[in-house]
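Written below as structure tokens is the structure these notes are about.
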Amino acid sequence: MHIQDKMGGAVSAGEDNDDLIDNLKEAYYIRSDLVERAFRAIDRADYYLDEYRDNAYKDLAWRHGNIHLSAPCIYSEVMEALDLHPGLSFLNLGSGTGYLSTMVGLILGPFGVNHGVELHADVIEYAYQKLDYFIKTSESFDKFEFCEPSFVVGNCLEIPPETRQYDRVYCGAGVQKEHEDYMKNLLKVGGILVLPLEEKLTKITRTGLNSWETKKIISVSFAPLVLPKHSTNGKPKTVPLPIYEVRTLQELARISIRHTLRVTTDSADSQSRGRGSSFSVGRGLAVAGLHKYGPRFKRRRVHRRHCNSLVLATRQVVASSGIGSAALDSNNNQGGRVEEEDEEEGEREGRRQLRGSRRAGRGVVEEEEAVEEEDEEEEQEEEEERETGELLRPEPAVNILRERILGLPLPEPLKMYLLYYREK
């Protein structure tokens with residue numbers, strides 16, 4: 001499937017993956033915690049060829065040969081529109097590098113279904129290489145319960161009409177009006193289809209057997225779907241979708257053991273902290289360690305930007321609420337005394353507003369001073385680094401799930417199976 005979107009550039013480029021996600025959040029492309037966690041868990045640069053990694057954190061689409069990635073702002077809108085939940089079935093038409101399918105798999109969990117159809121065999125090979133790299137090396141893998149995607153080669157317009165239906169479907173190529181009903185038929189009742197339809201990223205919800213709700217999201221420009229080639233023998237060509245595989249008892253045991261260790265570890269961690277966080281509710285280690293704003297210096301920068309905007313807003317309030325001397329009644333009218341009392345009351349109200357604005361200003365100034373203290377601490381750390389010649393870096397996070405599995409009284413082959421044969 002030939003896929004190309006020309007959208008992008010909606011947000012500033014990031015220094016790294018976390019920085020890019022911060023920018024997408026500030027621009028309101030990422031709006032939910034679930035989508036944010038998925039984006040932070042997978043480094044977009046890992047899906048680029050090495051020589052192009054420097055461009056990974058720009059809000060731009062990227063193409064090299066048949067390999068393609070949409071702009072981050074497009075993927076953000078798609079992920080939000082899909083309204084994903086654990087256990088759903090998902091079909092990705094034009095699955096490409098597998099970047100989107102892997103993020104979706106982090107939300108679907110081990111009992112979801114995650115299928116993709118891709119026109120180019122070399123792209124599927126690339127996608128499986130990236131998937132294997134994620135499973136074997138990513139620290140995020142042990143923080144989630146993952147639904148591993150499966151891909152097949154073929155044209156998505158050649159899926160047989162009697163095929164199974166899915167809870168969620170995404171098409172990553174421009175769909176013309178004549179193919180809209182074909183796409184809709186891939187959905188279960190209650191399902192959601194997201195696709196570029198006539199230059200608009202569109203969300204279609206199947207509300208009944210023959211009823212639909214359609215919502216236009218944003219304007220986009222995607223290359224159109226590639227039409228199927230005519231069959232030489234006259235028979236229509238079909239694309240067999242990946243089969244639903246029933247998990248073995250061995251696989252179910254691995255899922256159960258990892259889930260139990262993950263949940264108990266997270267419970268103990270929450271008790272030791274004495275409080276939970278919005279990133280550690282109901283998902284165990286699936287959400288632990290994924291900071292809302294990434295590394296400490298990024299959280300400080302975002303915090304400082306917020307403080308500066310508050311200071312500016314407060315100064316504007318103070319300036320606009322300053323009351324000058326009230327004009328006296330110079331006409332010596334019979335109602336002059338009443339007007340003077342009204343003016344005095346206006347002065348008193350103005351003074352009250354001014355005092356309130358000053359109090360708010362002092363609160364913001366105190367917050368800004370706290371940020372300045374953090375900056376001074378950082379400067380001291382940098383000075384110590386220069387003096388000692390050593391980098392004072394925080395200790396790397398401990399993979400608690402891995403440590404607990406390695407501590408189980410089991411044979412080494414079973415431990416490695418529980419770790420998905422991850423070496424680190």
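Ligands are numbered from 1 in the order shown, residues from 1 within each chain, and chains are lettered A, B, ... in the order they appear in the structure tokens.
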- Message: Going by DSSP on the backbone, which residues of stretch 189-237 of chain A come out as strand (DSSP E)? List them as a list in words.
- Response: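 Result set for stretch 189-237 of chain A (strand (DSSP E)): Val189, Gly190, Gly191, Ile192, Leu193, Val194, Leu195, Pro196, Leu197, Lys200, Leu201, Thr202, Lys203, Ile204, Thr205, Arg206, Thr207, Gly208, Ser211, Trp212, Glu213, Thr214, Lys215, Lys216, Ile217, Ile218 and Ser219 of chain A.
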- Task: Considering only C-alpha atoms, return as an NGL selection string whatever protein or nucleic-acid residues lie within 12 Å of A:Thr205, sequence-local ones (same chain, fewer than 2 positions apart) excluded.
- Result: :A and (81-83 or 167-169 or 183-195 or 202-203 or 207-216)
- For A:Leu414, work out the shell of residues within 12 Å, counting only C-alpha atoms and skipping chain neighbours fewer than 3 positions away, then give it as JSON, numbers by chain. {"A": [250, 251, 253, 254, 257, 405, 406, 407, 408, 409, 410, 411, 417, 418, 419, 420, 421]}
- Query: Using only C-alpha atoms, which residues sit within 7 Å of A:His68 once same-chain residues fewer than 6 positions away are excluded, as a PyMOL selection string?
  - Reply: chain A and resi 62+96-97
Store the residues of this selection in a file with all heavy atoms, as a short mmCIF file (atom, residue, chain, number, x, y, z; two decimals), in the first residue's frame.
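Produced file result_33.cif, reproduced below:
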data_model
loop_
_atom_site.label_atom_id
_atom_site.label_comp_id
_atom_site.auth_asym_id
_atom_site.auth_seq_id
_atom_site.Cartn_x
_atom_site.Cartn_y
_atom_site.Cartn_z
N TRP A 62 8.00 10.97 7.24
CA TRP A 62 9.30 10.53 6.72
C TRP A 62 9.11 9.34 5.79
O TRP A 62 8.31 8.45 6.08
CB TRP A 62 10.23 10.15 7.87
CG TRP A 62 11.51 9.51 7.42
CD1 TRP A 62 12.56 10.12 6.78
CD2 TRP A 62 11.87 8.13 7.55
NE1 TRP A 62 13.56 9.19 6.51
CE2 TRP A 62 13.17 7.97 6.98
CE3 TRP A 62 11.25 7.01 8.11
CZ2 TRP A 62 13.82 6.74 6.95
CZ3 TRP A 62 11.90 5.78 8.08
CH2 TRP A 62 13.19 5.67 7.51
N GLY A 96 2.71 -0.61 7.60
CA GLY A 96 4.02 0.02 7.48
C GLY A 96 5.07 -0.54 8.42
O GLY A 96 5.25 -1.75 8.56
N THR A 97 5.77 0.36 9.11
CA THR A 97 6.88 -0.02 9.99
C THR A 97 6.43 -0.74 11.26
O THR A 97 7.25 -1.29 11.98
CB THR A 97 7.66 1.23 10.43
OG1 THR A 97 6.81 2.06 11.23
CG2 THR A 97 8.16 2.02 9.23
#
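Comparing A:Thr163, A:Asn114, A:Ser221, A:Asn155 by their smallest distance to A:Ala71, the closest is A:Ser221 (using only C-alpha atoms).
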- Query: Restricting the calculation to only C-alpha atoms, which member of A:Glu198, A:Asp59, A:Glu403, A:Glu26 is positioned closest to A:Tyr75?
  - Reply: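 Nearest candidate to A:Tyr75 out of A:Glu198, A:Asp59, A:Glu403, A:Glu26: A:Asp59.
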- Task: State, in Å with one decimal place, the distance from atom CA of A:Arg262 to atom CA of A:Leu88.
- Result: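 Atom-to-atom, atom CA of A:Arg262 to atom CA of A:Leu88, that is 21.6 Å.
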- Message: Which residue is closest to A:Tyr99? Choose from A:Arg44, A:Arg404, A:Lys58, A:Lys177 and count only C-alpha atoms.
- Response: A:Arg44
- All alpha helix (DSSP H) residues (DSSP, backbone) inside stretch 129-261 of chain A, as a PyMOL selection string: chain A and resi 129-137+180-184+249-261
Put those residues in a file: N, CA and C atoms, as a tab-separated table (two decimals), in the first residue's frame.
chain	number	residue	atom	x	y	z
A	129	GLN	N	11.50	-6.75	12.21
A	129	GLN	CA	12.81	-6.45	12.80
A	129	GLN	C	12.67	-5.43	13.92
A	130	LYS	N	11.89	-4.39	13.68
A	130	LYS	CA	11.68	-3.36	14.70
A	130	LYS	C	10.89	-3.90	15.89
A	131	LEU	N	9.94	-4.77	15.63
A	131	LEU	CA	9.17	-5.38	16.72
A	131	LEU	C	10.07	-6.25	17.59
A	132	ASP	N	10.92	-7.04	16.96
A	132	ASP	CA	11.84	-7.89	17.71
A	132	ASP	C	12.81	-7.05	18.53
A	133	TYR	N	13.28	-5.94	17.97
A	133	TYR	CA	14.18	-5.04	18.69
A	133	TYR	C	13.48	-4.45	19.91
A	134	PHE	N	12.22	-4.06	19.75
A	134	PHE	CA	11.46	-3.50	20.87
A	134	PHE	C	11.31	-4.54	21.99
A	135	ILE	N	10.92	-5.75	21.64
A	135	ILE	CA	10.69	-6.78	22.66
A	135	ILE	C	12.00	-7.14	23.36
A	136	LYS	N	13.09	-7.22	22.61
A	136	LYS	CA	14.34	-7.70	23.19
A	136	LYS	C	15.11	-6.62	23.96
A	137	THR	N	14.92	-5.35	23.62
A	137	THR	CA	15.80	-4.33	24.19
A	137	THR	C	15.10	-3.21	24.94
A	180	GLU	N	-15.75	3.73	0.78
A	180	GLU	CA	-16.14	3.99	2.18
A	180	GLU	C	-16.95	2.82	2.75
A	181	ASP	N	-17.95	2.32	2.01
A	181	ASP	CA	-18.77	1.22	2.52
A	181	ASP	C	-17.95	-0.05	2.72
A	182	TYR	N	-16.98	-0.27	1.83
A	182	TYR	CA	-16.08	-1.43	1.98
A	182	TYR	C	-15.36	-1.37	3.32
A	183	MET	N	-14.85	-0.20	3.68
A	183	MET	CA	-14.14	-0.03	4.95
A	183	MET	C	-15.09	-0.20	6.14
A	184	LYS	N	-16.30	0.34	6.02
A	184	LYS	CA	-17.26	0.25	7.11
A	184	LYS	C	-17.62	-1.19	7.44
A	249	LEU	N	-1.41	-23.09	27.04
A	249	LEU	CA	-1.38	-22.99	28.50
A	249	LEU	C	-0.05	-22.41	28.98
A	250	GLN	N	1.02	-22.72	28.27
A	250	GLN	CA	2.34	-22.20	28.64
A	250	GLN	C	2.36	-20.68	28.51
A	251	GLU	N	1.79	-20.17	27.40
A	251	GLU	CA	1.74	-18.72	27.21
A	251	GLU	C	0.85	-18.05	28.24
A	252	LEU	N	-0.29	-18.67	28.53
A	252	LEU	CA	-1.20	-18.11	29.53
A	252	LEU	C	-0.54	-18.08	30.91
A	253	ALA	N	0.24	-19.11	31.22
A	253	ALA	CA	0.94	-19.13	32.52
A	253	ALA	C	1.95	-17.99	32.59
A	254	ARG	N	2.68	-17.76	31.51
A	254	ARG	CA	3.66	-16.67	31.49
A	254	ARG	C	2.96	-15.33	31.69
A	255	ILE	N	1.85	-15.11	30.99
A	255	ILE	CA	1.10	-13.86	31.14
A	255	ILE	C	0.63	-13.69	32.58
A	256	SER	N	0.11	-14.76	33.16
A	256	SER	CA	-0.42	-14.69	34.53
A	256	SER	C	0.68	-14.41	35.55
A	257	ILE	N	1.81	-15.09	35.42
A	257	ILE	CA	2.91	-14.90	36.37
A	257	ILE	C	3.45	-13.48	36.28
A	258	ARG	N	3.68	-13.00	35.07
A	258	ARG	CA	4.20	-11.64	34.90
A	258	ARG	C	3.20	-10.61	35.43
A	259	HIS	N	1.93	-10.85	35.19
A	259	HIS	CA	0.91	-9.91	35.68
A	259	HIS	C	0.89	-9.88	37.20
A	260	THR	N	0.95	-11.04	37.82
A	260	THR	CA	0.93	-11.11	39.29
A	260	THR	C	2.13	-10.39	39.89
A	261	LEU	N	3.31	-10.65	39.34
A	261	LEU	CA	4.51	-10.00	39.85
A	261	LEU	C	4.46	-8.49	39.61
- Query: Out of A:Leu197, A:Val226, A:Thr238, A:Gly105, which residue has the shortest atom-to-atom distance to A:Pro160 when counting only C-alpha atoms?
  - Reply: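 Ranking A:Leu197, A:Val226, A:Thr238, A:Gly105 by distance to A:Pro160, first place goes to A:Thr238.
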- A:Leu20 environment, 12 Å, only C-alpha atoms, sequence neighbours closer than 5 positions dropped, as a VMD selection string: chain A and resid 9 to 15 25 to 27 29 to 30 36 39 to 40 42 to 45 55 to 60 71 to 73 76 293 to 294 298
Could those residues be written to a file, using N, CA, C and O atoms, as a tab-separated table (two decimals), in the first residue's frame?
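Heads up, here's the output in again-v6.tsv:
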chain	number	residue	atom	x	y	z
A	9	GLY	N	4.51	19.46	11.08
A	9	GLY	CA	4.99	20.78	11.39
A	9	GLY	C	4.06	21.56	12.29
A	9	GLY	O	4.19	22.77	12.43
A	10	ALA	N	3.09	20.85	12.92
A	10	ALA	CA	2.12	21.54	13.78
A	10	ALA	C	2.72	21.90	15.13
A	10	ALA	O	2.22	22.80	15.79
A	11	VAL	N	3.78	21.19	15.54
A	11	VAL	CA	4.42	21.48	16.83
A	11	VAL	C	5.92	21.61	16.61
A	11	VAL	O	6.46	21.19	15.59
A	12	SER	N	6.59	22.17	17.60
A	12	SER	CA	8.04	22.35	17.51
A	12	SER	C	8.76	21.01	17.58
A	12	SER	O	8.27	20.05	18.16
A	13	ALA	N	9.94	20.96	16.99
A	13	ALA	CA	10.76	19.76	17.06
A	13	ALA	C	11.24	19.54	18.48
A	13	ALA	O	11.44	20.49	19.25
A	14	GLY	N	11.40	18.28	18.87
A	14	GLY	CA	11.88	17.96	20.20
A	14	GLY	C	13.34	17.57	20.18
A	14	GLY	O	13.91	17.19	19.15
A	15	GLU	N	13.97	17.65	21.37
A	15	GLU	CA	15.35	17.20	21.51
A	15	GLU	C	15.43	15.69	21.58
A	15	GLU	O	16.42	15.09	21.18
A	25	LYS	N	1.60	17.35	23.67
A	25	LYS	CA	0.62	17.58	24.75
A	25	LYS	C	0.27	19.05	24.86
A	25	LYS	O	-0.90	19.41	25.02
A	26	GLU	N	1.27	19.90	24.80
A	26	GLU	CA	1.02	21.33	24.93
A	26	GLU	C	0.14	21.84	23.79
A	26	GLU	O	-0.65	22.77	23.97
A	27	ALA	N	0.29	21.24	22.60
A	27	ALA	CA	-0.53	21.62	21.45
A	27	ALA	C	-1.88	20.89	21.44
A	27	ALA	O	-2.66	21.05	20.51
A	29	TYR	N	-2.59	17.78	20.95
A	29	TYR	CA	-2.76	16.63	20.06
A	29	TYR	C	-2.87	15.35	20.89
A	29	TYR	O	-3.63	14.45	20.54
A	30	ILE	N	-2.08	15.24	21.94
A	30	ILE	CA	-2.21	14.14	22.89
A	30	ILE	C	-3.02	14.64	24.08
A	30	ILE	O	-2.64	15.61	24.73
A	36	GLU	N	-0.68	9.02	25.96
A	36	GLU	CA	0.63	9.59	26.32
A	36	GLU	C	1.61	8.49	26.73
A	36	GLU	O	2.77	8.50	26.32
A	39	PHE	N	2.91	6.61	23.69
A	39	PHE	CA	3.88	7.40	22.92
A	39	PHE	C	5.22	7.48	23.63
A	39	PHE	O	6.28	7.43	22.99
A	40	ARG	N	5.21	7.64	24.95
A	40	ARG	CA	6.48	7.75	25.68
A	40	ARG	C	7.21	6.41	25.73
A	40	ARG	O	8.43	6.38	25.84
A	42	ILE	N	7.61	4.16	23.44
A	42	ILE	CA	8.26	3.74	22.20
A	42	ILE	C	8.98	4.93	21.58
A	42	ILE	O	8.35	5.94	21.25
A	43	ASP	N	10.28	4.82	21.45
A	43	ASP	CA	11.08	5.90	20.87
A	43	ASP	C	10.87	5.92	19.36
A	43	ASP	O	11.19	4.96	18.66
A	44	ARG	N	10.32	7.01	18.86
A	44	ARG	CA	10.05	7.13	17.42
A	44	ARG	C	11.31	6.93	16.58
A	44	ARG	O	11.26	6.37	15.48
A	45	ALA	N	12.45	7.36	17.12
A	45	ALA	CA	13.70	7.25	16.36
A	45	ALA	C	14.09	5.80	16.08
A	45	ALA	O	14.80	5.53	15.11
A	55	ASN	N	16.21	13.29	12.35
A	55	ASN	CA	14.93	13.91	11.98
A	55	ASN	C	13.73	13.30	12.70
A	55	ASN	O	12.60	13.72	12.47
A	56	ALA	N	13.98	12.34	13.58
A	56	ALA	CA	12.89	11.56	14.16
A	56	ALA	C	11.96	12.39	15.04
A	56	ALA	O	10.77	12.08	15.16
A	57	TYR	N	12.48	13.45	15.68
A	57	TYR	CA	11.67	14.19	16.65
A	57	TYR	C	11.10	15.48	16.08
A	57	TYR	O	10.65	16.35	16.82
A	58	LYS	N	11.09	15.57	14.77
A	58	LYS	CA	10.40	16.66	14.10
A	58	LYS	C	8.97	16.21	13.79
A	58	LYS	O	8.72	15.04	13.53
A	59	ASP	N	8.05	17.15	13.81
A	59	ASP	CA	6.66	16.82	13.52
A	59	ASP	C	6.45	16.79	12.01
A	59	ASP	O	5.72	17.59	11.43
A	60	LEU	N	7.13	15.82	11.39
A	60	LEU	CA	7.08	15.69	9.93
A	60	LEU	C	6.98	14.22	9.55
A	60	LEU	O	7.46	13.34	10.27
A	71	ALA	N	3.44	11.91	10.26
A	71	ALA	CA	3.86	12.93	11.22
A	71	ALA	C	3.32	12.59	12.61
A	71	ALA	O	2.23	12.04	12.73
A	72	PRO	N	4.07	12.92	13.67
A	72	PRO	CA	3.60	12.62	15.03
A	72	PRO	C	2.23	13.20	15.34
A	72	PRO	O	1.43	12.56	16.04
A	73	CYS	N	1.92	14.39	14.83
A	73	CYS	CA	0.60	14.98	15.13
A	73	CYS	C	-0.52	14.15	14.53
A	73	CYS	O	-1.62	14.05	15.10
A	76	SER	N	-0.96	11.06	16.70
A	76	SER	CA	-1.61	11.45	17.95
A	76	SER	C	-3.12	11.53	17.77
A	76	SER	O	-3.88	10.99	18.59
A	293	TYR	N	6.45	14.38	32.35
A	293	TYR	CA	7.19	15.31	31.50
A	293	TYR	C	8.60	14.81	31.19
A	293	TYR	O	9.48	15.58	30.87
A	294	GLY	N	8.83	13.52	31.31
A	294	GLY	CA	10.15	13.01	30.96
A	294	GLY	C	11.17	13.33	32.03
A	294	GLY	O	10.86	13.45	33.20
A	298	LYS	N	13.50	18.51	31.83
A	298	LYS	CA	12.38	18.85	30.97
A	298	LYS	C	11.19	19.27	31.80
A	298	LYS	O	10.46	20.19	31.46
- Separating atom CA of A:Lys237 from atom CA of A:Phe90, to the nearest tenth of an Å, is a gap of 23.1 Å
